[in-house]
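Chemist: What follows is a structure written as structure tokens; I'll ask about it next.
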Amino acid sequence: MRWKIPAFGIVALGVAALFSMNWSQPGNPNLVTPTMGGQQVWADEFYHVGWRIQRNVLTGHHRLLDPEDHRHAWGRYDECLKKFEAIRAISPIEYNGMPVAFIVKGLGGMETNFRKLKAALTNDGYHVAYISYPSTRQGIADHARDVAKVLNRLDGVHELTFIAHSMGGLVMRQALADGGPWVKRIDVKGLVMIATPNNGARLAEMLGDNSAFNAVTTEAGQNLAPDHVATLPPVSVRHCLVVGSNRGGKGLNPLIDGDDDGVVGVEEVLLAGSDDVLFVEGYHQRLPDNTSTIAGVRRFLDGKRCDGG
């Protein structure tokens with residue numbers, strides 16, 4: 001008889017799910033369920049005030065997430081968009097004039113890397129948008145095209161400031177150079193690059209023949225090597241560099257020449273002609289939420305120099 005108890009529980013859950021589904025929506029029947037927001041295998045293709053339509057790079061199907069990362073529809077892109085428009089028709093979803101700051105993560109990055117930064121900018125009256133892309137599954141050029149899809153479909157946004165961490169800065173260099181219809185209707189106020197290896201990362205070059213590194217990072221990891229980064233377009237907008245500097249200039253990682261943040265060297269971040277440079281003491285992945293970084297980003301968004309000069 002013991003097997004009947006869990007079996008009954010499963011049936012009960014199934015019946016509950018059946019009656020919880022919104023069968024009137026277009027496309028596939030959907031149970032509104034929480035997700036992790038899509039970190040490594042999902043690419044945002046649509047963004048509006050926290051609502052996102054994402055594409056799974058492994059299966060090709062799409063899903064619609066609300067600002068709390070609950071799934072409201074799945075299937076084809078047009079089905080997800082139709083569901084969003086139906087929701088929007090019932091309850092308006094607008095920016096209401098708020099300035100928008102777009103956060104672009106780095107290789108293997110997570111939204112949690114920007115928790116304090118998002119909270120600070122939200123308190124300042126910004127709508128903070130986080131672009132999710134499959135950072136470990138594609139190369140920089142593919143990531144730039146995915147970001148461009150989101151930008152081309154933005155509605156109600158007239159000004160943007162990009163805040164990019166690590167590889168995200170390289171993705172934005174490519175996306176800004178590629179341009180597209182979005183650049184004609186959106187004014188880019190600037191780009192903050194936090195620990196971006198603008199001259200390539202020595203560590204990526206050293207690990208280029210490592211099978212484990214290549215399996216985890218795929219083409220993106222290879223793209224971080226200096227030879228490839230040297231082929232990327234230069235920064236074409238107002239920008240500032242946030243650089244991790246530690247131990248009085250001695251750095252944290254003995255594999256990197258000179259000063260570093262544990263992953264990227266100071267000289268790998270610096271760009272000739274970039275005079276707005278903020279040096280911050282901290283580890284690579286934690287730099288976005290560093291108190292000094294947040295203060296610098298706030299100054300930059302106010303039209304001032306990131307470094308306070």
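Note on naming: chains are A, B, ... as they come in the structure tokens, residues start from 1 per chain, ligands start from 1 in the order shown.
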So that I can see what lies close to Arg286 of chain A, please list as an NGL selection string the residues with an atom at most 12 Å from it, counting only C-alpha atoms and leaving out residues fewer than 2 positions away in the same chain.
Modeler: :A and (106 or 109-117 or 165-166 or 194-195 or 243-244 or 261-263 or 280-284 or 288-294)
Chemist: Write out, as an mmCIF file, in the first residue's frame, the residues just selected, with N, CA and C atoms.
Modeler:
data_model
loop_
_atom_site.group_PDB
_atom_site.id
_atom_site.type_symbol
_atom_site.label_atom_id
_atom_site.label_comp_id
_atom_site.auth_asym_id
_atom_site.auth_seq_id
_atom_site.Cartn_x
_atom_site.Cartn_y
_atom_site.Cartn_z
ATOM 1 N N GLY A 106 29.334 39.688 -17.928
ATOM 2 C CA GLY A 106 30.529 39.141 -18.547
ATOM 3 C C GLY A 106 30.442 37.636 -18.705
ATOM 4 N N GLY A 109 28.777 35.349 -16.146
ATOM 5 C CA GLY A 109 28.212 36.254 -15.148
ATOM 6 C C GLY A 109 26.783 35.921 -14.764
ATOM 7 N N MET A 110 26.389 36.418 -13.612
ATOM 8 C CA MET A 110 25.040 36.204 -13.079
ATOM 9 C C MET A 110 24.438 37.553 -12.691
ATOM 10 N N GLU A 111 23.131 37.621 -12.689
ATOM 11 C CA GLU A 111 22.463 38.863 -12.300
ATOM 12 C C GLU A 111 22.784 39.241 -10.859
ATOM 13 N N THR A 112 23.060 38.248 -10.038
ATOM 14 C CA THR A 112 23.379 38.523 -8.632
ATOM 15 C C THR A 112 24.679 39.302 -8.471
ATOM 16 N N ASN A 113 25.534 39.331 -9.501
ATOM 17 C CA ASN A 113 26.770 40.117 -9.434
ATOM 18 C C ASN A 113 26.490 41.614 -9.387
ATOM 19 N N PHE A 114 25.246 42.013 -9.697
ATOM 20 C CA PHE A 114 24.898 43.431 -9.803
ATOM 21 C C PHE A 114 23.807 43.833 -8.812
ATOM 22 N N ARG A 115 23.615 43.050 -7.763
ATOM 23 C CA ARG A 115 22.497 43.292 -6.852
ATOM 24 C C ARG A 115 22.566 44.682 -6.217
ATOM 25 N N LYS A 116 23.716 45.048 -5.663
ATOM 26 C CA LYS A 116 23.851 46.346 -4.990
ATOM 27 C C LYS A 116 23.808 47.494 -5.993
ATOM 28 N N LEU A 117 24.428 47.298 -7.151
ATOM 29 C CA LEU A 117 24.417 48.338 -8.178
ATOM 30 C C LEU A 117 23.000 48.604 -8.661
ATOM 31 N N HIS A 165 30.165 44.575 -17.698
ATOM 32 C CA HIS A 165 31.221 43.961 -16.890
ATOM 33 C C HIS A 165 32.028 42.991 -17.726
ATOM 34 N N SER A 166 33.339 43.075 -17.629
ATOM 35 C CA SER A 166 34.264 42.125 -18.239
ATOM 36 C C SER A 166 33.972 41.945 -19.732
ATOM 37 N N ILE A 194 33.469 47.831 -16.837
ATOM 38 C CA ILE A 194 34.031 47.400 -15.558
ATOM 39 C C ILE A 194 34.902 46.166 -15.785
ATOM 40 N N ALA A 195 36.203 46.312 -15.578
ATOM 41 C CA ALA A 195 37.154 45.191 -15.706
ATOM 42 C C ALA A 195 37.062 44.514 -17.070
ATOM 43 N N VAL A 243 38.803 49.849 -13.236
ATOM 44 C CA VAL A 243 39.928 48.913 -13.260
ATOM 45 C C VAL A 243 40.198 48.369 -11.861
ATOM 46 N N GLY A 244 40.304 47.043 -11.753
ATOM 47 C CA GLY A 244 40.626 46.424 -10.475
ATOM 48 C C GLY A 244 42.114 46.476 -10.195
ATOM 49 N N ASP A 261 43.158 42.148 -11.079
ATOM 50 C CA ASP A 261 42.014 41.931 -10.186
ATOM 51 C C ASP A 261 41.779 40.451 -9.915
ATOM 52 N N GLY A 262 42.770 39.641 -10.208
ATOM 53 C CA GLY A 262 42.657 38.206 -10.027
ATOM 54 C C GLY A 262 42.352 37.468 -11.311
ATOM 55 N N VAL A 263 41.768 38.172 -12.276
ATOM 56 C CA VAL A 263 41.388 37.570 -13.553
ATOM 57 C C VAL A 263 41.920 38.381 -14.727
ATOM 58 N N VAL A 280 39.825 50.686 -8.662
ATOM 59 C CA VAL A 280 39.063 50.182 -7.521
ATOM 60 C C VAL A 280 39.770 48.951 -6.959
ATOM 61 N N GLU A 281 39.883 48.878 -5.661
ATOM 62 C CA GLU A 281 40.468 47.694 -5.037
ATOM 63 C C GLU A 281 39.394 46.625 -4.872
ATOM 64 N N GLY A 282 39.593 45.482 -5.495
ATOM 65 C CA GLY A 282 38.600 44.422 -5.381
ATOM 66 C C GLY A 282 38.836 43.302 -6.375
ATOM 67 N N TYR A 283 38.131 42.195 -6.171
ATOM 68 C CA TYR A 283 38.244 41.018 -7.030
ATOM 69 C C TYR A 283 37.334 41.161 -8.249
ATOM 70 N N HIS A 284 37.722 40.568 -9.335
ATOM 71 C CA HIS A 284 37.074 40.720 -10.640
ATOM 72 C C HIS A 284 35.546 40.589 -10.586
ATOM 73 N N PRO A 288 31.514 44.923 -9.871
ATOM 74 C CA PRO A 288 30.277 45.684 -10.138
ATOM 75 C C PRO A 288 29.556 46.155 -8.882
ATOM 76 N N ASP A 289 29.643 45.376 -7.813
ATOM 77 C CA ASP A 289 28.956 45.738 -6.581
ATOM 78 C C ASP A 289 29.873 46.407 -5.554
ATOM 79 N N ASN A 290 31.073 46.756 -5.984
ATOM 80 C CA ASN A 290 32.002 47.464 -5.113
ATOM 81 C C ASN A 290 31.477 48.883 -4.847
ATOM 82 N N THR A 291 31.595 49.343 -3.618
ATOM 83 C CA THR A 291 31.085 50.664 -3.245
ATOM 84 C C THR A 291 31.683 51.779 -4.103
ATOM 85 N N SER A 292 32.981 51.688 -4.388
ATOM 86 C CA SER A 292 33.636 52.717 -5.201
ATOM 87 C C SER A 292 33.145 52.668 -6.645
ATOM 88 N N THR A 293 32.917 51.463 -7.145
ATOM 89 C CA THR A 293 32.385 51.324 -8.508
ATOM 90 C C THR A 293 31.007 51.960 -8.619
ATOM 91 N N ILE A 294 30.159 51.665 -7.662
ATOM 92 C CA ILE A 294 28.795 52.211 -7.680
ATOM 93 C C ILE A 294 28.824 53.736 -7.639
#
Chemist: Can you pull out the residues contacting segment 140-145 of chain A? Cut-off 8 Å, using only C-alpha atoms, and skip same-chain residues under 5 positions away; I want them as JSON, numbers by chain.
Modeler: {"A": [133, 134, 135, 170, 171, 172, 174, 175, 220, 223]}
Chemist: Restricting it to N, CA and C atoms, dump the selection as a PDB file, in the first residue's frame.
Modeler:
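What follows is the written file out02.pdb:
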ATOM      1  N   TYR A 133      22.275  36.889 -21.746  1.00  0.00           N
ATOM      2  CA  TYR A 133      22.697  36.232 -22.980  1.00  0.00           C
ATOM      3  C   TYR A 133      23.538  35.011 -22.614  1.00  0.00           C
ATOM      4  N   PRO A 134      23.588  33.994 -23.471  1.00  0.00           N
ATOM      5  CA  PRO A 134      24.293  32.749 -23.143  1.00  0.00           C
ATOM      6  C   PRO A 134      25.796  32.930 -23.257  1.00  0.00           C
ATOM      7  N   SER A 135      26.387  33.564 -22.270  1.00  0.00           N
ATOM      8  CA  SER A 135      27.770  34.041 -22.364  1.00  0.00           C
ATOM      9  C   SER A 135      28.784  32.938 -22.628  1.00  0.00           C
ATOM     10  N   LEU A 170      33.263  44.131 -24.239  1.00  0.00           N
ATOM     11  CA  LEU A 170      33.649  43.791 -25.606  1.00  0.00           C
ATOM     12  C   LEU A 170      32.422  43.540 -26.468  1.00  0.00           C
ATOM     13  N   VAL A 171      31.419  42.910 -25.875  1.00  0.00           N
ATOM     14  CA  VAL A 171      30.155  42.688 -26.590  1.00  0.00           C
ATOM     15  C   VAL A 171      29.547  44.025 -26.997  1.00  0.00           C
ATOM     16  N   MET A 172      29.587  45.007 -26.096  1.00  0.00           N
ATOM     17  CA  MET A 172      29.008  46.308 -26.401  1.00  0.00           C
ATOM     18  C   MET A 172      29.855  47.090 -27.399  1.00  0.00           C
ATOM     19  N   GLN A 174      31.326  45.776 -29.893  1.00  0.00           N
ATOM     20  CA  GLN A 174      30.911  45.213 -31.172  1.00  0.00           C
ATOM     21  C   GLN A 174      29.496  45.648 -31.535  1.00  0.00           C
ATOM     22  N   ALA A 175      28.583  45.610 -30.571  1.00  0.00           N
ATOM     23  CA  ALA A 175      27.183  45.967 -30.832  1.00  0.00           C
ATOM     24  C   ALA A 175      27.050  47.430 -31.243  1.00  0.00           C
ATOM     25  N   ALA A 220      33.443  31.790 -26.762  1.00  0.00           N
ATOM     26  CA  ALA A 220      33.623  33.030 -26.004  1.00  0.00           C
ATOM     27  C   ALA A 220      34.992  33.071 -25.336  1.00  0.00           C
ATOM     28  N   ASN A 223      37.608  33.857 -27.770  1.00  0.00           N
ATOM     29  CA  ASN A 223      37.515  35.242 -28.243  1.00  0.00           C
ATOM     30  C   ASN A 223      38.164  36.245 -27.306  1.00  0.00           C
TER      31      ASN A 223
END
Chemist: Select, from A:Leu58, A:Leu160, A:Val229, A:Ala201, the residue with the minimum atom-to-atom distance to Arg173 of chain A, counting only C-alpha atoms.
Modeler: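 With only C-alpha atoms as the atom set, the closest residue is A:Val229.
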Chemist: I want to know what sits within 8 Å of segment 202-209 of chain A, based on only C-alpha atoms, with residues of the same chain fewer than 6 positions away left out; could you give that as a list in words?
Modeler: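 Counting only the stated atoms, we get Gly221, Gln222, Leu224, Ala225, Pro226, Leu255, Ile256, Val263 and Val264 of chain A.
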Chemist: So that I have them on file, write out the residues from the current selection with N, CA and C atoms, as a PDB file, in the first residue's frame.
Modeler:
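What landed in result.pdb:
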ATOM      1  N   GLY A 221      35.402  31.957 -24.736  1.00  0.00           N
ATOM      2  CA  GLY A 221      36.696  31.914 -24.088  1.00  0.00           C
ATOM      3  C   GLY A 221      37.835  32.151 -25.063  1.00  0.00           C
ATOM      4  N   GLN A 222      37.732  31.566 -26.246  1.00  0.00           N
ATOM      5  CA  GLN A 222      38.742  31.767 -27.273  1.00  0.00           C
ATOM      6  C   GLN A 222      38.776  33.224 -27.731  1.00  0.00           C
ATOM      7  N   LEU A 224      38.459  35.835 -26.080  1.00  0.00           N
ATOM      8  CA  LEU A 224      39.066  36.750 -25.115  1.00  0.00           C
ATOM      9  C   LEU A 224      40.581  36.832 -25.244  1.00  0.00           C
ATOM     10  N   ALA A 225      41.160  35.998 -26.067  1.00  0.00           N
ATOM     11  CA  ALA A 225      42.612  36.042 -26.279  1.00  0.00           C
ATOM     12  C   ALA A 225      42.992  37.355 -26.961  1.00  0.00           C
ATOM     13  N   PRO A 226      44.159  37.904 -26.667  1.00  0.00           N
ATOM     14  CA  PRO A 226      44.581  39.206 -27.220  1.00  0.00           C
ATOM     15  C   PRO A 226      44.493  39.304 -28.735  1.00  0.00           C
ATOM     16  N   LEU A 255      50.061  34.697 -12.274  1.00  0.00           N
ATOM     17  CA  LEU A 255      50.125  34.343 -13.692  1.00  0.00           C
ATOM     18  C   LEU A 255      49.959  35.563 -14.603  1.00  0.00           C
ATOM     19  N   ILE A 256      49.557  36.700 -14.001  1.00  0.00           N
ATOM     20  CA  ILE A 256      49.327  37.919 -14.777  1.00  0.00           C
ATOM     21  C   ILE A 256      50.430  38.921 -14.464  1.00  0.00           C
ATOM     22  N   VAL A 263      41.768  38.172 -12.276  1.00  0.00           N
ATOM     23  CA  VAL A 263      41.388  37.570 -13.553  1.00  0.00           C
ATOM     24  C   VAL A 263      41.920  38.381 -14.727  1.00  0.00           C
ATOM     25  N   VAL A 264      41.826  39.700 -14.633  1.00  0.00           N
ATOM     26  CA  VAL A 264      42.235  40.587 -15.721  1.00  0.00           C
ATOM     27  C   VAL A 264      43.280  41.574 -15.203  1.00  0.00           C
TER      28      VAL A 264
END
Chemist: For a quick check of understanding, using only C-alpha atoms, which of A:Leu241, A:Leu65, A:Leu81, A:Leu301 has the smallest distance to Gly125 of chain A?
Modeler: A:Leu301
Chemist: Would you please work out which residue, of A:Glu159, A:Val235, A:Glu268, A:Val147, is nearest to Gly200 of chain A when using only C-alpha atoms?
Modeler: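 Using only C-alpha atoms, Gly200 of chain A sits closest to A:Glu268.
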Chemist: Which of these, A:Asn214, A:Ser245, A:Thr136, A:Asn123, has the shortest distance to Leu278 of chain A once you count only C-alpha atoms?
Modeler: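 Of all the options, A:Ser245 lies closest to Leu278 of chain A.
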Chemist: Can you pull out every residue from segment 86-270 of chain A that DSSP, working from the backbone, puts in strand (DSSP E), and format the result as a ChimeraX atom specification?
Modeler: /A:100-104,127-131,159-165,187-194,239-244
Chemist: Taking into account only C-alpha atoms, which residue in the set A:His70, A:Arg247, A:Arg137, A:Lys189 is nearest to Ala43 of chain A?
Modeler: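 Counting only C-alpha atoms, the residue closest to Ala43 of chain A is A:Arg137.
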Chemist: Restricting the calculation to only C-alpha atoms, which member of A:Val41, A:Val157, A:Val237, A:Cys80 is positioned closest to Asn28 of chain A?
Modeler: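 Under the stated criterion, the closest residue is A:Cys80.
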Chemist: Between atom CA of Ile103 of chain A and atom CA of Val269 of chain A, what is the distance in Å, rounded to a tenth?
Modeler: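 Separation of atom CA of Ile103 of chain A and atom CA of Val269 of chain A: 18.5 Å.
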Chemist: Have a look at atom CA of Phe300 of chain A and atom CA of Gly50 of chain A and let me know their distance in Å, one decimal.
Modeler: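 Distance reported for this atom pair: 23.3 Å.
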Chemist: Work out how far atom CA of Ile163 of chain A is from atom CA of Val297 of chain A, in Å to one decimal.
Modeler: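 A separation of 8.1 Å between them.
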Chemist: Can you tell me, as a PyMOL selection string, which residues in segment 173-296 of chain A count as alpha helix (DSSP H) by DSSP?
Modeler: chain A and resi 173-178+202-206+211-223+226-229+266-269+291-296
Chemist: Since we have the selection now, will you write its residues out, keeping C-alpha atoms, as an mmCIF file, in the first residue's frame?
Modeler:
data_model
loop_
_atom_site.group_PDB
_atom_site.id
_atom_site.type_symbol
_atom_site.label_atom_id
_atom_site.label_comp_id
_atom_site.auth_asym_id
_atom_site.auth_seq_id
_atom_site.Cartn_x
_atom_site.Cartn_y
_atom_site.Cartn_z
ATOM 1 C CA ARG A 173 31.993 47.557 -28.390
ATOM 2 C CA GLN A 174 30.911 45.213 -31.172
ATOM 3 C CA ALA A 175 27.183 45.967 -30.832
ATOM 4 C CA LEU A 176 27.733 49.740 -30.915
ATOM 5 C CA ALA A 177 29.956 49.424 -33.982
ATOM 6 C CA ASP A 178 27.455 47.150 -35.742
ATOM 7 C CA ARG A 202 46.423 36.710 -20.964
ATOM 8 C CA LEU A 203 44.669 33.979 -18.950
ATOM 9 C CA ALA A 204 42.411 33.155 -21.915
ATOM 10 C CA GLU A 205 45.458 32.871 -24.134
ATOM 11 C CA MET A 206 47.228 30.608 -21.643
ATOM 12 C CA SER A 211 40.123 21.119 -23.111
ATOM 13 C CA ALA A 212 38.225 21.799 -19.872
ATOM 14 C CA PHE A 213 38.404 25.574 -20.379
ATOM 15 C CA ASN A 214 37.221 25.216 -23.970
ATOM 16 C CA ALA A 215 34.383 22.893 -22.987
ATOM 17 C CA VAL A 216 33.100 25.355 -20.386
ATOM 18 C CA THR A 217 33.602 28.659 -22.215
ATOM 19 C CA THR A 218 33.393 27.484 -25.876
ATOM 20 C CA GLU A 219 33.979 30.193 -28.509
ATOM 21 C CA ALA A 220 33.623 33.030 -26.004
ATOM 22 C CA GLY A 221 36.696 31.914 -24.088
ATOM 23 C CA GLN A 222 38.742 31.767 -27.273
ATOM 24 C CA ASN A 223 37.515 35.242 -28.243
ATOM 25 C CA PRO A 226 44.581 39.206 -27.220
ATOM 26 C CA ASP A 227 44.845 38.319 -30.924
ATOM 27 C CA HIS A 228 41.063 38.179 -31.321
ATOM 28 C CA VAL A 229 40.277 41.203 -29.142
ATOM 29 C CA VAL A 266 45.358 46.481 -15.288
ATOM 30 C CA GLU A 267 47.239 46.850 -18.576
ATOM 31 C CA GLU A 268 44.701 44.544 -20.235
ATOM 32 C CA VAL A 269 41.887 46.956 -19.345
ATOM 33 C CA THR A 291 31.085 50.664 -3.245
ATOM 34 C CA SER A 292 33.636 52.717 -5.201
ATOM 35 C CA THR A 293 32.385 51.324 -8.508
ATOM 36 C CA ILE A 294 28.795 52.211 -7.680
ATOM 37 C CA ALA A 295 29.829 55.755 -6.741
ATOM 38 C CA GLY A 296 31.703 56.078 -10.052
#
Chemist: Find the residues near His239 of chain A: any atom within 9 Å, counting only C-alpha atoms, skip ones fewer than 6 places away on the same chain, and give them as a PyMOL selection string.
Modeler: chain A and resi 189-193+274+276+300+306
